[in-house]
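Asker: To be precise about what I am sending: the file is called coords06.cif and holds mmCIF, N, CA and C atoms.
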data_my_file
#
loop_
_atom_site.label_atom_id
_atom_site.label_comp_id
_atom_site.auth_asym_id
_atom_site.auth_seq_id
_atom_site.Cartn_x
_atom_site.Cartn_y
_atom_site.Cartn_z
N MET A 162 -93.72 -165.50 118.29
CA MET A 162 -92.35 -165.91 118.10
C MET A 162 -91.60 -164.84 117.32
N ALA A 163 -90.44 -164.49 117.80
CA ALA A 163 -89.62 -163.48 117.13
C ALA A 163 -89.00 -164.06 115.87
N LYS A 164 -88.75 -163.20 114.89
CA LYS A 164 -88.07 -163.62 113.68
C LYS A 164 -86.57 -163.49 113.90
N PHE A 165 -85.82 -164.46 113.37
CA PHE A 165 -84.38 -164.46 113.53
C PHE A 165 -83.72 -164.48 112.16
N ASP A 166 -82.68 -163.68 112.01
CA ASP A 166 -81.96 -163.53 110.75
C ASP A 166 -80.82 -164.56 110.70
N ILE A 167 -80.79 -165.36 109.65
CA ILE A 167 -79.76 -166.39 109.51
C ILE A 167 -78.37 -165.78 109.45
N ASP A 168 -78.26 -164.57 108.90
CA ASP A 168 -76.97 -163.90 108.82
C ASP A 168 -76.40 -163.64 110.21
N VAL A 169 -77.23 -163.20 111.12
CA VAL A 169 -76.77 -162.93 112.49
C VAL A 169 -76.36 -164.23 113.18
N MET A 170 -77.18 -165.27 113.01
CA MET A 170 -76.84 -166.55 113.62
C MET A 170 -75.53 -167.09 113.04
N ALA A 171 -75.34 -166.91 111.74
CA ALA A 171 -74.09 -167.35 111.11
C ALA A 171 -72.91 -166.58 111.67
N ARG A 172 -73.04 -165.27 111.85
CA ARG A 172 -71.94 -164.47 112.42
C ARG A 172 -71.57 -164.96 113.80
N ILE A 173 -72.58 -165.28 114.61
CA ILE A 173 -72.31 -165.76 115.97
C ILE A 173 -71.61 -167.12 115.92
N LEU A 174 -72.16 -168.05 115.16
CA LEU A 174 -71.57 -169.39 115.10
C LEU A 174 -70.17 -169.38 114.50
N LEU A 175 -69.97 -168.61 113.45
CA LEU A 175 -68.65 -168.55 112.82
C LEU A 175 -67.63 -167.85 113.72
N ALA A 176 -68.06 -166.85 114.46
CA ALA A 176 -67.16 -166.20 115.41
C ALA A 176 -66.72 -167.19 116.48
N LEU A 177 -67.65 -168.00 116.96
CA LEU A 177 -67.33 -168.98 117.99
C LEU A 177 -66.53 -170.15 117.45
N LEU A 178 -66.51 -170.33 116.16
CA LEU A 178 -65.68 -171.36 115.55
C LEU A 178 -64.20 -171.05 115.79
N GLN A 179 -63.88 -169.78 116.00
CA GLN A 179 -62.51 -169.37 116.30
C GLN A 179 -62.13 -169.69 117.74
N GLY A 180 -63.13 -169.95 118.57
CA GLY A 180 -62.90 -170.30 119.97
C GLY A 180 -63.89 -169.58 120.87
N PRO A 181 -63.97 -170.02 122.13
CA PRO A 181 -64.90 -169.37 123.07
C PRO A 181 -64.57 -167.89 123.24
N MET A 182 -65.58 -167.11 123.54
CA MET A 182 -65.34 -165.69 123.81
C MET A 182 -66.37 -165.17 124.78
N GLY A 183 -66.03 -164.08 125.41
CA GLY A 183 -66.94 -163.45 126.35
C GLY A 183 -68.18 -162.92 125.65
N ARG A 184 -69.22 -162.78 126.42
CA ARG A 184 -70.50 -162.31 125.86
C ARG A 184 -70.35 -160.94 125.22
N THR A 185 -69.59 -160.03 125.83
CA THR A 185 -69.43 -158.68 125.30
C THR A 185 -68.70 -158.69 123.96
N ALA A 186 -67.63 -159.46 123.86
CA ALA A 186 -66.88 -159.55 122.61
C ALA A 186 -67.76 -160.10 121.50
N LEU A 187 -68.53 -161.11 121.83
CA LEU A 187 -69.43 -161.71 120.85
C LEU A 187 -70.52 -160.72 120.45
N PHE A 188 -71.07 -160.01 121.42
CA PHE A 188 -72.08 -158.99 121.17
C PHE A 188 -71.56 -157.94 120.18
N MET A 189 -70.33 -157.51 120.35
CA MET A 189 -69.75 -156.48 119.48
C MET A 189 -69.68 -156.95 118.02
N ARG A 190 -69.50 -158.22 117.81
CA ARG A 190 -69.41 -158.76 116.44
C ARG A 190 -70.77 -158.84 115.74
N THR A 191 -71.85 -158.87 116.50
CA THR A 191 -73.17 -159.04 115.89
C THR A 191 -73.75 -157.76 115.32
N LYS A 192 -73.29 -156.62 115.82
CA LYS A 192 -73.79 -155.31 115.38
C LYS A 192 -75.28 -155.15 115.67
N LEU A 193 -75.73 -155.76 116.77
CA LEU A 193 -77.11 -155.65 117.23
C LEU A 193 -77.15 -154.83 118.50
N ASN A 194 -78.35 -154.40 118.91
CA ASN A 194 -78.45 -153.82 120.24
C ASN A 194 -78.42 -154.99 121.23
N TYR A 195 -78.07 -154.71 122.48
CA TYR A 195 -77.84 -155.78 123.44
C TYR A 195 -79.06 -156.65 123.71
N PRO A 196 -80.26 -156.07 123.91
CA PRO A 196 -81.42 -156.94 124.13
C PRO A 196 -81.68 -157.90 122.96
N ARG A 197 -81.50 -157.43 121.74
CA ARG A 197 -81.71 -158.30 120.57
C ARG A 197 -80.62 -159.38 120.51
N PHE A 198 -79.39 -159.01 120.81
CA PHE A 198 -78.31 -159.99 120.87
C PHE A 198 -78.64 -161.10 121.86
N MET A 199 -79.17 -160.72 123.01
CA MET A 199 -79.51 -161.70 124.03
C MET A 199 -80.61 -162.64 123.54
N GLN A 200 -81.54 -162.14 122.73
CA GLN A 200 -82.56 -163.01 122.16
C GLN A 200 -81.93 -164.06 121.24
N TYR A 201 -80.98 -163.63 120.42
CA TYR A 201 -80.29 -164.57 119.55
C TYR A 201 -79.50 -165.60 120.37
N LEU A 202 -78.82 -165.13 121.39
CA LEU A 202 -78.03 -166.03 122.22
C LEU A 202 -78.92 -167.07 122.89
N GLU A 203 -80.05 -166.64 123.40
CA GLU A 203 -80.99 -167.56 124.03
C GLU A 203 -81.55 -168.55 123.01
N TYR A 204 -81.85 -168.08 121.82
CA TYR A 204 -82.35 -168.93 120.74
C TYR A 204 -81.35 -170.04 120.41
N LEU A 205 -80.08 -169.67 120.30
CA LEU A 205 -79.04 -170.66 119.99
C LEU A 205 -78.82 -171.62 121.16
N LYS A 206 -78.96 -171.13 122.38
CA LYS A 206 -78.85 -172.01 123.56
C LYS A 206 -80.00 -173.02 123.58
N GLU A 207 -81.20 -172.55 123.33
CA GLU A 207 -82.38 -173.43 123.34
C GLU A 207 -82.26 -174.55 122.31
N ARG A 208 -81.57 -174.29 121.24
CA ARG A 208 -81.39 -175.29 120.19
C ARG A 208 -80.15 -176.13 120.39
N GLY A 209 -79.47 -175.92 121.49
CA GLY A 209 -78.31 -176.75 121.83
C GLY A 209 -77.07 -176.47 121.00
N LEU A 210 -76.96 -175.26 120.47
CA LEU A 210 -75.80 -174.92 119.64
C LEU A 210 -74.70 -174.21 120.42
N VAL A 211 -75.07 -173.48 121.46
CA VAL A 211 -74.07 -172.78 122.29
C VAL A 211 -74.41 -172.95 123.76
N VAL A 212 -73.40 -172.78 124.59
CA VAL A 212 -73.57 -172.77 126.04
C VAL A 212 -72.70 -171.65 126.60
N GLU A 213 -73.05 -171.21 127.80
CA GLU A 213 -72.22 -170.25 128.52
C GLU A 213 -71.62 -170.97 129.71
N GLN A 214 -70.29 -170.96 129.78
CA GLN A 214 -69.58 -171.59 130.89
C GLN A 214 -68.38 -170.73 131.26
N ASP A 215 -68.18 -170.57 132.55
CA ASP A 215 -67.01 -169.84 133.04
C ASP A 215 -66.85 -168.47 132.40
N GLY A 216 -67.95 -167.78 132.19
CA GLY A 216 -67.92 -166.43 131.65
C GLY A 216 -67.67 -166.35 130.16
N ALA A 217 -67.73 -167.48 129.47
CA ALA A 217 -67.50 -167.48 128.03
C ALA A 217 -68.63 -168.22 127.33
N VAL A 218 -68.89 -167.78 126.10
CA VAL A 218 -69.85 -168.46 125.24
C VAL A 218 -69.05 -169.40 124.35
N ARG A 219 -69.50 -170.63 124.25
CA ARG A 219 -68.80 -171.60 123.41
C ARG A 219 -69.78 -172.47 122.66
N LEU A 220 -69.29 -173.07 121.60
CA LEU A 220 -70.11 -173.99 120.81
C LEU A 220 -70.23 -175.32 121.53
N THR A 221 -71.37 -175.95 121.41
CA THR A 221 -71.54 -177.32 121.87
C THR A 221 -71.00 -178.22 120.74
N GLU A 222 -71.00 -179.52 120.96
CA GLU A 222 -70.59 -180.43 119.88
C GLU A 222 -71.47 -180.24 118.66
N ARG A 223 -72.77 -180.16 118.91
CA ARG A 223 -73.71 -179.94 117.81
C ARG A 223 -73.46 -178.60 117.14
N GLY A 224 -73.22 -177.57 117.94
CA GLY A 224 -72.93 -176.24 117.41
C GLY A 224 -71.67 -176.22 116.57
N LEU A 225 -70.66 -176.98 117.00
CA LEU A 225 -69.42 -177.07 116.24
C LEU A 225 -69.66 -177.72 114.88
N GLU A 226 -70.45 -178.78 114.86
CA GLU A 226 -70.80 -179.44 113.59
C GLU A 226 -71.52 -178.48 112.65
N VAL A 227 -72.50 -177.76 113.20
CA VAL A 227 -73.27 -176.81 112.39
C VAL A 227 -72.38 -175.69 111.89
N ALA A 228 -71.52 -175.14 112.75
CA ALA A 228 -70.64 -174.04 112.36
C ALA A 228 -69.66 -174.49 111.28
N LYS A 229 -69.10 -175.68 111.41
CA LYS A 229 -68.18 -176.19 110.39
C LYS A 229 -68.88 -176.40 109.06
N ALA A 230 -70.08 -176.95 109.10
CA ALA A 230 -70.85 -177.15 107.87
C ALA A 230 -71.19 -175.81 107.22
N LEU A 231 -71.56 -174.84 108.03
CA LEU A 231 -71.87 -173.51 107.53
C LEU A 231 -70.63 -172.87 106.90
N ASP A 232 -69.50 -172.98 107.58
CA ASP A 232 -68.25 -172.43 107.07
C ASP A 232 -67.88 -173.06 105.73
N LYS A 233 -68.03 -174.37 105.64
CA LYS A 233 -67.72 -175.08 104.39
C LYS A 233 -68.66 -174.63 103.27
N ALA A 234 -69.95 -174.58 103.57
CA ALA A 234 -70.92 -174.17 102.55
C ALA A 234 -70.64 -172.75 102.06
N LEU A 235 -70.34 -171.85 102.97
CA LEU A 235 -70.06 -170.47 102.58
C LEU A 235 -68.78 -170.36 101.77
N SER A 236 -67.76 -171.14 102.13
CA SER A 236 -66.50 -171.08 101.37
C SER A 236 -66.69 -171.62 99.95
N GLU A 237 -67.59 -172.58 99.78
CA GLU A 237 -67.87 -173.11 98.45
C GLU A 237 -68.68 -172.14 97.60
N LEU A 238 -69.53 -171.36 98.26
CA LEU A 238 -70.36 -170.40 97.54
C LEU A 238 -69.63 -169.11 97.20
N LEU A 239 -68.77 -168.69 98.11
CA LEU A 239 -68.13 -167.39 97.93
C LEU A 239 -66.75 -167.54 97.46
#
Represent the structure of the file as structure tokens.

Answerer:
Amino acid sequence: MAKFDIDVMARILLALLQGPMGRTALFMRTKLNYPRFMQYLEYLKERGLVVEQDGAVRLTERGLEVAKALDKALSELL
């Protein structure tokens, strides 16, 4: 099993909190190489946090809840 960095997952989820975006735009925000980005994207899909529809990556209902909770927690800490 590959190791996943919570910081990268947070960047992806928080970016998608702003709205759906294309895979390339999302990839550019992660600052990863493309194969590694795809591993993170697949990991988040498997956990039901994101889906790809109509050429865009978007949060699921569960993903939206997690992203909002993460955003709130980070705003309270920082």

Asker: Mind checking which residues fall within 7 Å of segment 176-181 of chain A, counting all atoms listed in the file, ignoring those fewer than 5 positions away in the same chain, and posting them as a PDB file with N, CA and C atoms, in the coordinates of the input?

Answerer:
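The resulting result02.pdb:
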ATOM      1  N   ALA A 171     -75.340-166.910 111.740  1.00  0.00           N
ATOM      2  CA  ALA A 171     -74.090-167.350 111.110  1.00  0.00           C
ATOM      3  C   ALA A 171     -72.910-166.580 111.670  1.00  0.00           C
ATOM      4  N   ALA A 217     -67.730-167.480 129.470  1.00  0.00           N
ATOM      5  CA  ALA A 217     -67.500-167.480 128.030  1.00  0.00           C
ATOM      6  C   ALA A 217     -68.630-168.220 127.330  1.00  0.00           C
ATOM      7  N   VAL A 218     -68.890-167.780 126.100  1.00  0.00           N
ATOM      8  CA  VAL A 218     -69.850-168.460 125.240  1.00  0.00           C
ATOM      9  C   VAL A 218     -69.050-169.400 124.350  1.00  0.00           C
ATOM     10  N   ARG A 219     -69.500-170.630 124.250  1.00  0.00           N
ATOM     11  CA  ARG A 219     -68.800-171.600 123.410  1.00  0.00           C
ATOM     12  C   ARG A 219     -69.780-172.470 122.660  1.00  0.00           C
ATOM     13  N   LEU A 220     -69.290-173.070 121.600  1.00  0.00           N
ATOM     14  CA  LEU A 220     -70.110-173.990 120.810  1.00  0.00           C
ATOM     15  C   LEU A 220     -70.230-175.320 121.530  1.00  0.00           C
ATOM     16  N   LEU A 225     -70.660-176.980 117.000  1.00  0.00           N
ATOM     17  CA  LEU A 225     -69.420-177.070 116.240  1.00  0.00           C
ATOM     18  C   LEU A 225     -69.660-177.720 114.880  1.00  0.00           C
ATOM     19  N   ALA A 228     -71.520-175.140 112.750  1.00  0.00           N
ATOM     20  CA  ALA A 228     -70.640-174.040 112.360  1.00  0.00           C
ATOM     21  C   ALA A 228     -69.660-174.490 111.280  1.00  0.00           C
ATOM     22  N   LYS A 229     -69.100-175.680 111.410  1.00  0.00           N
ATOM     23  CA  LYS A 229     -68.180-176.190 110.390  1.00  0.00           C
ATOM     24  C   LYS A 229     -68.880-176.400 109.060  1.00  0.00           C
TER      25      LYS A 229
END

Asker: So what do you get for atom CA of Gly224 of chain A versus atom CA of Ala186 of chain A, distance-wise?

Answerer: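 We find that atom CA of Gly224 of chain A and atom CA of Ala186 of chain A lie 18.5 Å from each other.
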
Asker: What gap, in Å, lies between atom C of Lys192 of chain A and atom C of Leu174 of chain A?

Answerer: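 Value for the atom C of Lys192 of chain A-atom C of Leu174 of chain A distance: 15.2 Å.
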
Asker: Between A:Leu210, A:Leu235, A:Val169, A:Val227, which residue has the minimum interatomic distance to Arg190 of chain A, considering only N, CA and C atoms?

Answerer: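 Smallest separation from Arg190 of chain A among the options: A:Val169.
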
Asker: Where in chain A does DSSP assign strand (DSSP E), given as a VMD selection string?

Answerer: chain A and resid 211 to 214 217 to 220

Asker: In Å to one decimal, how far is atom CA of Leu205 of chain A from atom CA of Leu193 of chain A?

Answerer: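 We find that atom CA of Leu193 of chain A and atom CA of Leu205 of chain A lie 15.4 Å from each other.
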
Asker: Restricting the calculation to all atoms listed in the file, which member of A:Met170, A:Arg223, A:Met199, A:Ala230 is positioned closest to Val211 of chain A?

Answerer: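 Checking each of A:Met170, A:Arg223, A:Met199, A:Ala230 against Val211 of chain A, counting all atoms listed in the file, the winner is A:Arg223.
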
Asker: Which one is closest to Glu222 of chain A: A:Gly209, A:Ala234, A:Glu203, A:Asp166? Count only C-alpha atoms.

Answerer: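 When distances to Glu222 of chain A are compared using only C-alpha atoms, the smallest one comes from A:Gly209.
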
Asker: Give me every alpha helix (DSSP H) residue in chain A, going by DSSP on the backbone, as a VMD selection string.

Answerer: chain A and resid 167 to 178 184 to 191 195 to 207 222 to 238

Asker: Using only C-alpha atoms, give me every residue within 6 Å of (-76.2, -162.8, 120.0) in file coordinates, as a CSV table (one decimal) with N, CA and C atoms, keeping the file's coordinate frame.

Answerer:
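Contents of part_32.csv, freshly written:
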chain,number,residue,atom,x,y,z
A,188,PHE,N,-71.1,-160.0,121.4
A,188,PHE,CA,-72.1,-159.0,121.2
A,188,PHE,C,-71.6,-157.9,120.2
A,198,PHE,N,-79.4,-159.0,120.8
A,198,PHE,CA,-78.3,-160.0,120.9
A,198,PHE,C,-78.6,-161.1,121.9
A,199,MET,N,-79.2,-160.7,123.0
A,199,MET,CA,-79.5,-161.7,124.0
A,199,MET,C,-80.6,-162.6,123.5
A,201,TYR,N,-81.0,-163.6,120.4
A,201,TYR,CA,-80.3,-164.6,119.6
A,201,TYR,C,-79.5,-165.6,120.4
A,202,LEU,N,-78.8,-165.1,121.4
A,202,LEU,CA,-78.0,-166.0,122.2
A,202,LEU,C,-78.9,-167.1,122.9
